[in-house]
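This is run-v6.cif (mmCIF, N, CA and C atoms).
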data_input
#
loop_
_atom_site.label_atom_id
_atom_site.label_comp_id
_atom_site.auth_asym_id
_atom_site.auth_seq_id
_atom_site.Cartn_x
_atom_site.Cartn_y
_atom_site.Cartn_z
N MET F 1 -11.93 133.10 -83.42
CA MET F 1 -10.65 133.78 -83.36
C MET F 1 -10.01 133.49 -81.99
N ASN F 2 -8.75 133.09 -82.02
CA ASN F 2 -8.01 132.86 -80.79
C ASN F 2 -7.72 134.19 -80.12
N SER F 3 -7.67 134.19 -78.81
CA SER F 3 -7.36 135.40 -78.07
C SER F 3 -6.44 135.04 -76.90
N ILE F 4 -5.40 135.86 -76.71
CA ILE F 4 -4.45 135.69 -75.62
C ILE F 4 -4.39 136.99 -74.86
N GLU F 5 -4.41 136.93 -73.54
CA GLU F 5 -4.25 138.14 -72.74
C GLU F 5 -2.94 138.06 -71.97
N ILE F 6 -2.18 139.14 -72.04
CA ILE F 6 -0.91 139.25 -71.33
C ILE F 6 -1.05 140.38 -70.32
N ASP F 7 -0.94 140.06 -69.06
CA ASP F 7 -0.99 141.07 -68.01
C ASP F 7 0.44 141.44 -67.63
N ALA F 8 0.93 142.53 -68.23
CA ALA F 8 2.29 143.00 -67.97
C ALA F 8 2.28 144.23 -67.08
N ARG F 9 1.17 144.44 -66.37
CA ARG F 9 1.10 145.59 -65.45
C ARG F 9 2.11 145.39 -64.33
N GLY F 10 2.84 146.46 -64.04
CA GLY F 10 3.86 146.39 -63.00
C GLY F 10 5.23 146.01 -63.53
N LEU F 11 5.30 145.57 -64.79
CA LEU F 11 6.59 145.21 -65.39
C LEU F 11 7.16 146.41 -66.14
N ARG F 12 8.46 146.59 -66.04
CA ARG F 12 9.13 147.71 -66.70
C ARG F 12 9.68 147.26 -68.05
N CYS F 13 9.97 148.25 -68.88
CA CYS F 13 10.57 148.03 -70.20
C CYS F 13 11.86 147.23 -70.03
N PRO F 14 12.07 146.26 -70.83
CA PRO F 14 11.38 145.83 -72.06
C PRO F 14 10.43 144.65 -71.86
N MET F 15 10.08 144.31 -70.64
CA MET F 15 9.32 143.09 -70.38
C MET F 15 7.95 143.02 -71.07
N PRO F 16 7.15 144.11 -71.15
CA PRO F 16 5.87 143.97 -71.87
C PRO F 16 6.07 143.52 -73.32
N VAL F 17 7.07 144.09 -74.00
CA VAL F 17 7.33 143.71 -75.39
C VAL F 17 7.88 142.28 -75.47
N ILE F 18 8.71 141.90 -74.54
CA ILE F 18 9.25 140.54 -74.54
C ILE F 18 8.12 139.53 -74.36
N ARG F 19 7.20 139.82 -73.47
CA ARG F 19 6.05 138.90 -73.27
C ARG F 19 5.17 138.85 -74.52
N LEU F 20 4.96 140.02 -75.16
CA LEU F 20 4.18 140.06 -76.40
C LEU F 20 4.87 139.24 -77.49
N ALA F 21 6.16 139.42 -77.65
CA ALA F 21 6.92 138.70 -78.68
C ALA F 21 6.85 137.19 -78.45
N ALA F 22 6.97 136.76 -77.22
CA ALA F 22 6.91 135.33 -76.91
C ALA F 22 5.54 134.75 -77.25
N ALA F 23 4.48 135.50 -76.95
CA ALA F 23 3.13 135.02 -77.26
C ALA F 23 2.89 134.98 -78.77
N ALA F 24 3.37 135.99 -79.48
CA ALA F 24 3.14 136.08 -80.92
C ALA F 24 3.94 135.03 -81.68
N ARG F 25 5.09 134.66 -81.15
CA ARG F 25 5.97 133.70 -81.83
C ARG F 25 5.25 132.38 -82.13
N ASP F 26 4.46 131.89 -81.22
CA ASP F 26 3.79 130.60 -81.39
C ASP F 26 2.32 130.72 -81.76
N ALA F 27 1.82 131.95 -81.89
CA ALA F 27 0.41 132.16 -82.18
C ALA F 27 0.14 132.08 -83.68
N PRO F 28 -0.93 131.41 -84.06
CA PRO F 28 -1.27 131.37 -85.48
C PRO F 28 -1.79 132.72 -85.96
N ALA F 29 -1.66 132.96 -87.26
CA ALA F 29 -2.20 134.20 -87.85
C ALA F 29 -3.68 134.32 -87.50
N GLY F 30 -4.09 135.53 -87.20
CA GLY F 30 -5.48 135.78 -86.82
C GLY F 30 -5.69 135.83 -85.32
N THR F 31 -4.68 135.44 -84.55
CA THR F 31 -4.79 135.49 -83.10
C THR F 31 -4.80 136.94 -82.64
N ARG F 32 -5.64 137.23 -81.69
CA ARG F 32 -5.71 138.56 -81.09
C ARG F 32 -5.01 138.50 -79.75
N ILE F 33 -4.00 139.36 -79.57
CA ILE F 33 -3.26 139.40 -78.31
C ILE F 33 -3.59 140.71 -77.62
N ILE F 34 -4.08 140.61 -76.40
CA ILE F 34 -4.41 141.78 -75.59
C ILE F 34 -3.30 141.94 -74.56
N VAL F 35 -2.66 143.11 -74.56
CA VAL F 35 -1.57 143.39 -73.63
C VAL F 35 -2.00 144.50 -72.69
N LEU F 36 -1.89 144.24 -71.40
CA LEU F 36 -2.15 145.25 -70.37
C LEU F 36 -0.80 145.66 -69.81
N ALA F 37 -0.49 146.96 -69.87
CA ALA F 37 0.83 147.42 -69.43
C ALA F 37 0.71 148.76 -68.71
N SER F 38 1.43 148.87 -67.60
CA SER F 38 1.42 150.13 -66.84
C SER F 38 2.68 150.96 -67.08
N ASP F 39 3.69 150.39 -67.74
CA ASP F 39 4.92 151.13 -68.02
C ASP F 39 4.64 152.15 -69.12
N PRO F 40 4.92 153.44 -68.89
CA PRO F 40 4.67 154.45 -69.91
C PRO F 40 5.40 154.20 -71.22
N ALA F 41 6.54 153.54 -71.19
CA ALA F 41 7.31 153.27 -72.40
C ALA F 41 6.54 152.35 -73.35
N ALA F 42 5.62 151.55 -72.84
CA ALA F 42 4.85 150.63 -73.69
C ALA F 42 4.04 151.39 -74.73
N ARG F 43 3.67 152.63 -74.44
CA ARG F 43 2.89 153.45 -75.38
C ARG F 43 3.62 153.57 -76.72
N HIS F 44 4.95 153.59 -76.69
CA HIS F 44 5.75 153.70 -77.90
C HIS F 44 6.34 152.35 -78.32
N ASP F 45 6.72 151.54 -77.34
CA ASP F 45 7.41 150.28 -77.64
C ASP F 45 6.52 149.26 -78.35
N ILE F 46 5.30 149.10 -77.91
CA ILE F 46 4.43 148.08 -78.50
C ILE F 46 4.04 148.44 -79.94
N PRO F 47 3.64 149.68 -80.23
CA PRO F 47 3.37 150.01 -81.64
C PRO F 47 4.62 149.86 -82.52
N ALA F 48 5.80 150.23 -82.00
CA ALA F 48 7.04 150.08 -82.77
C ALA F 48 7.33 148.60 -83.04
N TRP F 49 7.13 147.74 -82.05
CA TRP F 49 7.34 146.31 -82.23
C TRP F 49 6.40 145.78 -83.31
N CYS F 50 5.14 146.21 -83.28
CA CYS F 50 4.16 145.76 -84.29
C CYS F 50 4.61 146.16 -85.69
N ARG F 51 5.07 147.39 -85.86
CA ARG F 51 5.55 147.84 -87.17
C ARG F 51 6.75 147.03 -87.63
N MET F 52 7.69 146.80 -86.73
CA MET F 52 8.91 146.06 -87.10
C MET F 52 8.63 144.60 -87.43
N ARG F 53 7.66 144.00 -86.77
CA ARG F 53 7.37 142.58 -86.95
C ARG F 53 6.23 142.30 -87.92
N GLY F 54 5.59 143.35 -88.43
CA GLY F 54 4.53 143.15 -89.42
C GLY F 54 3.21 142.68 -88.85
N HIS F 55 2.93 143.06 -87.60
CA HIS F 55 1.63 142.75 -87.00
C HIS F 55 0.82 144.04 -86.92
N GLU F 56 -0.46 143.91 -86.69
CA GLU F 56 -1.35 145.07 -86.67
C GLU F 56 -1.77 145.41 -85.24
N MET F 57 -1.52 146.64 -84.83
CA MET F 57 -2.05 147.09 -83.55
C MET F 57 -3.40 147.72 -83.84
N SER F 58 -4.47 147.05 -83.47
CA SER F 58 -5.80 147.52 -83.82
C SER F 58 -6.40 148.46 -82.78
N GLU F 59 -5.81 148.49 -81.59
CA GLU F 59 -6.40 149.34 -80.55
C GLU F 59 -5.37 149.65 -79.47
N MET F 60 -5.43 150.88 -78.97
CA MET F 60 -4.67 151.25 -77.77
C MET F 60 -5.59 152.17 -76.98
N SER F 61 -5.80 151.84 -75.72
CA SER F 61 -6.67 152.66 -74.89
C SER F 61 -6.12 152.75 -73.48
N GLU F 62 -6.45 153.85 -72.83
CA GLU F 62 -6.05 154.04 -71.43
C GLU F 62 -7.16 153.51 -70.56
N MET F 63 -6.79 152.73 -69.58
CA MET F 63 -7.75 152.09 -68.70
C MET F 63 -7.50 152.55 -67.27
N SER F 64 -8.53 152.47 -66.47
CA SER F 64 -8.39 152.81 -65.06
C SER F 64 -9.16 151.81 -64.23
N ALA F 65 -8.53 151.35 -63.16
CA ALA F 65 -9.18 150.40 -62.26
C ALA F 65 -9.38 151.05 -60.90
N THR F 66 -9.52 152.37 -60.88
CA THR F 66 -9.67 153.07 -59.60
C THR F 66 -10.97 152.70 -58.90
N ASP F 67 -11.93 152.18 -59.65
CA ASP F 67 -13.18 151.77 -59.02
C ASP F 67 -13.04 150.45 -58.27
N THR F 68 -11.88 149.82 -58.39
CA THR F 68 -11.59 148.59 -57.65
C THR F 68 -10.71 148.94 -56.46
N PRO F 69 -11.25 149.00 -55.25
CA PRO F 69 -10.48 149.46 -54.10
C PRO F 69 -9.25 148.61 -53.79
N SER F 70 -9.26 147.35 -54.18
CA SER F 70 -8.14 146.49 -53.84
C SER F 70 -6.99 146.58 -54.85
N ALA F 71 -7.17 147.35 -55.92
CA ALA F 71 -6.11 147.45 -56.94
C ALA F 71 -4.89 148.15 -56.36
N ASP F 72 -3.72 147.53 -56.55
CA ASP F 72 -2.50 148.19 -56.09
C ASP F 72 -2.09 149.25 -57.11
N ALA F 73 -1.06 150.02 -56.79
CA ALA F 73 -0.65 151.15 -57.62
C ALA F 73 -0.34 150.74 -59.06
N ALA F 74 0.28 149.59 -59.26
CA ALA F 74 0.66 149.14 -60.60
C ALA F 74 -0.55 148.79 -61.46
N HIS F 75 -1.69 148.53 -60.84
CA HIS F 75 -2.86 148.10 -61.59
C HIS F 75 -3.94 149.18 -61.69
N ARG F 76 -3.73 150.36 -61.13
CA ARG F 76 -4.78 151.38 -61.15
C ARG F 76 -4.96 152.00 -62.52
N ALA F 77 -3.91 152.50 -63.14
CA ALA F 77 -3.99 153.08 -64.47
C ALA F 77 -3.05 152.30 -65.37
N TYR F 78 -3.53 151.95 -66.54
CA TYR F 78 -2.70 151.16 -67.43
C TYR F 78 -3.17 151.35 -68.87
N LEU F 79 -2.36 150.86 -69.78
CA LEU F 79 -2.68 150.89 -71.21
C LEU F 79 -3.13 149.50 -71.64
N ARG F 80 -4.07 149.48 -72.55
CA ARG F 80 -4.58 148.21 -73.11
C ARG F 80 -4.35 148.25 -74.61
N PHE F 81 -3.59 147.29 -75.09
CA PHE F 81 -3.28 147.17 -76.51
C PHE F 81 -3.95 145.92 -77.06
N VAL F 82 -4.45 146.02 -78.28
CA VAL F 82 -4.97 144.85 -78.97
C VAL F 82 -4.14 144.69 -80.24
N VAL F 83 -3.43 143.57 -80.32
CA VAL F 83 -2.53 143.29 -81.44
C VAL F 83 -3.08 142.10 -82.20
N LEU F 84 -3.16 142.25 -83.52
CA LEU F 84 -3.61 141.16 -84.37
C LEU F 84 -2.38 140.54 -85.02
N VAL F 85 -2.19 139.24 -84.80
CA VAL F 85 -1.06 138.52 -85.38
C VAL F 85 -1.36 138.28 -86.85
N LEU F 86 -0.49 138.76 -87.71
CA LEU F 86 -0.65 138.61 -89.15
C LEU F 86 0.30 137.54 -89.67
N PRO F 87 -0.02 136.95 -90.84
CA PRO F 87 0.91 135.97 -91.42
C PRO F 87 2.27 136.62 -91.64
N GLN F 88 3.32 135.87 -91.40
CA GLN F 88 4.67 136.41 -91.47
C GLN F 88 5.44 135.86 -92.65
N SER F 89 6.18 136.75 -93.29
CA SER F 89 7.12 136.29 -94.31
C SER F 89 8.35 135.78 -93.57
N SER F 90 9.24 135.10 -94.26
CA SER F 90 10.41 134.55 -93.58
C SER F 90 11.29 135.65 -93.00
N LYS F 91 11.38 136.81 -93.64
CA LYS F 91 12.21 137.90 -93.12
C LYS F 91 11.63 138.42 -91.80
N ALA F 92 10.32 138.64 -91.74
CA ALA F 92 9.70 139.15 -90.51
C ALA F 92 9.77 138.12 -89.40
N ALA F 93 9.82 136.85 -89.75
CA ALA F 93 9.85 135.81 -88.73
C ALA F 93 11.24 135.61 -88.14
N GLY F 94 12.22 136.30 -88.69
CA GLY F 94 13.55 136.19 -88.11
C GLY F 94 14.61 135.72 -89.07
N THR F 95 14.25 135.06 -90.16
CA THR F 95 15.24 134.62 -91.13
C THR F 95 15.81 135.84 -91.82
N GLY F 96 17.09 135.91 -91.93
CA GLY F 96 17.71 137.06 -92.56
C GLY F 96 17.86 138.23 -91.62
N SER F 97 17.75 138.00 -90.33
CA SER F 97 17.91 139.09 -89.38
C SER F 97 19.38 139.48 -89.34
N GLY F 98 19.68 140.53 -88.65
CA GLY F 98 21.04 141.04 -88.59
C GLY F 98 22.04 140.07 -88.02
N SER F 99 21.61 139.02 -87.32
CA SER F 99 22.54 138.10 -86.68
C SER F 99 23.41 137.37 -87.71
N GLU F 100 22.85 137.04 -88.89
CA GLU F 100 23.64 136.36 -89.90
C GLU F 100 24.71 137.28 -90.47
N ARG F 101 24.34 138.53 -90.74
CA ARG F 101 25.32 139.48 -91.24
C ARG F 101 26.40 139.73 -90.21
N TRP F 102 26.00 139.79 -88.94
CA TRP F 102 26.93 140.05 -87.87
C TRP F 102 27.97 138.93 -87.78
N SER F 103 27.53 137.69 -87.89
CA SER F 103 28.47 136.57 -87.77
C SER F 103 29.44 136.53 -88.93
N ARG F 104 29.02 136.91 -90.12
CA ARG F 104 29.92 136.93 -91.27
C ARG F 104 30.95 138.05 -91.14
N ALA F 105 30.57 139.14 -90.50
CA ALA F 105 31.47 140.29 -90.36
C ALA F 105 32.57 139.99 -89.35
N MET F 106 32.36 139.06 -88.47
CA MET F 106 33.32 138.77 -87.42
C MET F 106 34.41 137.99 -87.99
#

Represent the supplied structure as structure tokens.
Amino acid sequence: MNSIEIDARGLRCPMPVIRLAAAARDAPAGTRIIVLASDPAARHDIPAWCRMRGHEMSEMSEMSATDTPSADAAHRAYLRFVVLVLPQSSKAAGTGSGSERWSRAM
């Protein structure tokens, strides 16, 4: 199983989700993406992104690196997400997104 780790600690919303989306876009089905994020908004944003895009969030846990004296403030406490990339239908992959309807309405 392929595995990708994204260290988004210290990045504010929406960057953790943007980094996750970029990694998932080119990842084959079955890839496990691990996201480390210190932004509290990621607790809600990453699960919502998974639901909207049809991927599975298999784990979310709170982590602490306080035992590492050299850890800066952004890396001391963070969330760890494990996302499983699932096969995508054309709609979930972006075809038929709101952009086509928007352009016709203009």

Go through F:Ile4, F:Leu84, F:Leu20, F:Glu62 and flag the residue nearest Arg43 (chain F), using only C-alpha atoms for the distances. F:Glu62

For a test of reading the model, state the distance in Å between atom C of Val83 (chain F) and CA of Met63 (chain F), rounded to one decimal.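 CA of Met63 (chain F) lies 17.4 Å from atom C of Val83 (chain F).
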
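Atom N of Tyr78 (chain F) lies 25.5 Å from CA of Ala27 (chain F).
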
Selection near Pro47 (chain F), 8 Å with all atoms listed in the file, sequence-local residues under 6 positions removed, as a PyMOL selection string: chain F and resi 41+53+56-57

Which distance in Å separates atom N of Ala77 (chain F) and atom C of Ala21 (chain F), to one decimal? 24.2 Å

Between F:Ala8, F:Ala24, F:Cys13, F:Ala37, single out the one closest to Val85 (chain F), counting all atoms listed in the file. F:Ala24

Of the residues F:Met15, F:Met1, F:Leu79, F:Met60, which is the one nearest to Arg32 (chain F), using all atoms listed in the file? F:Met1
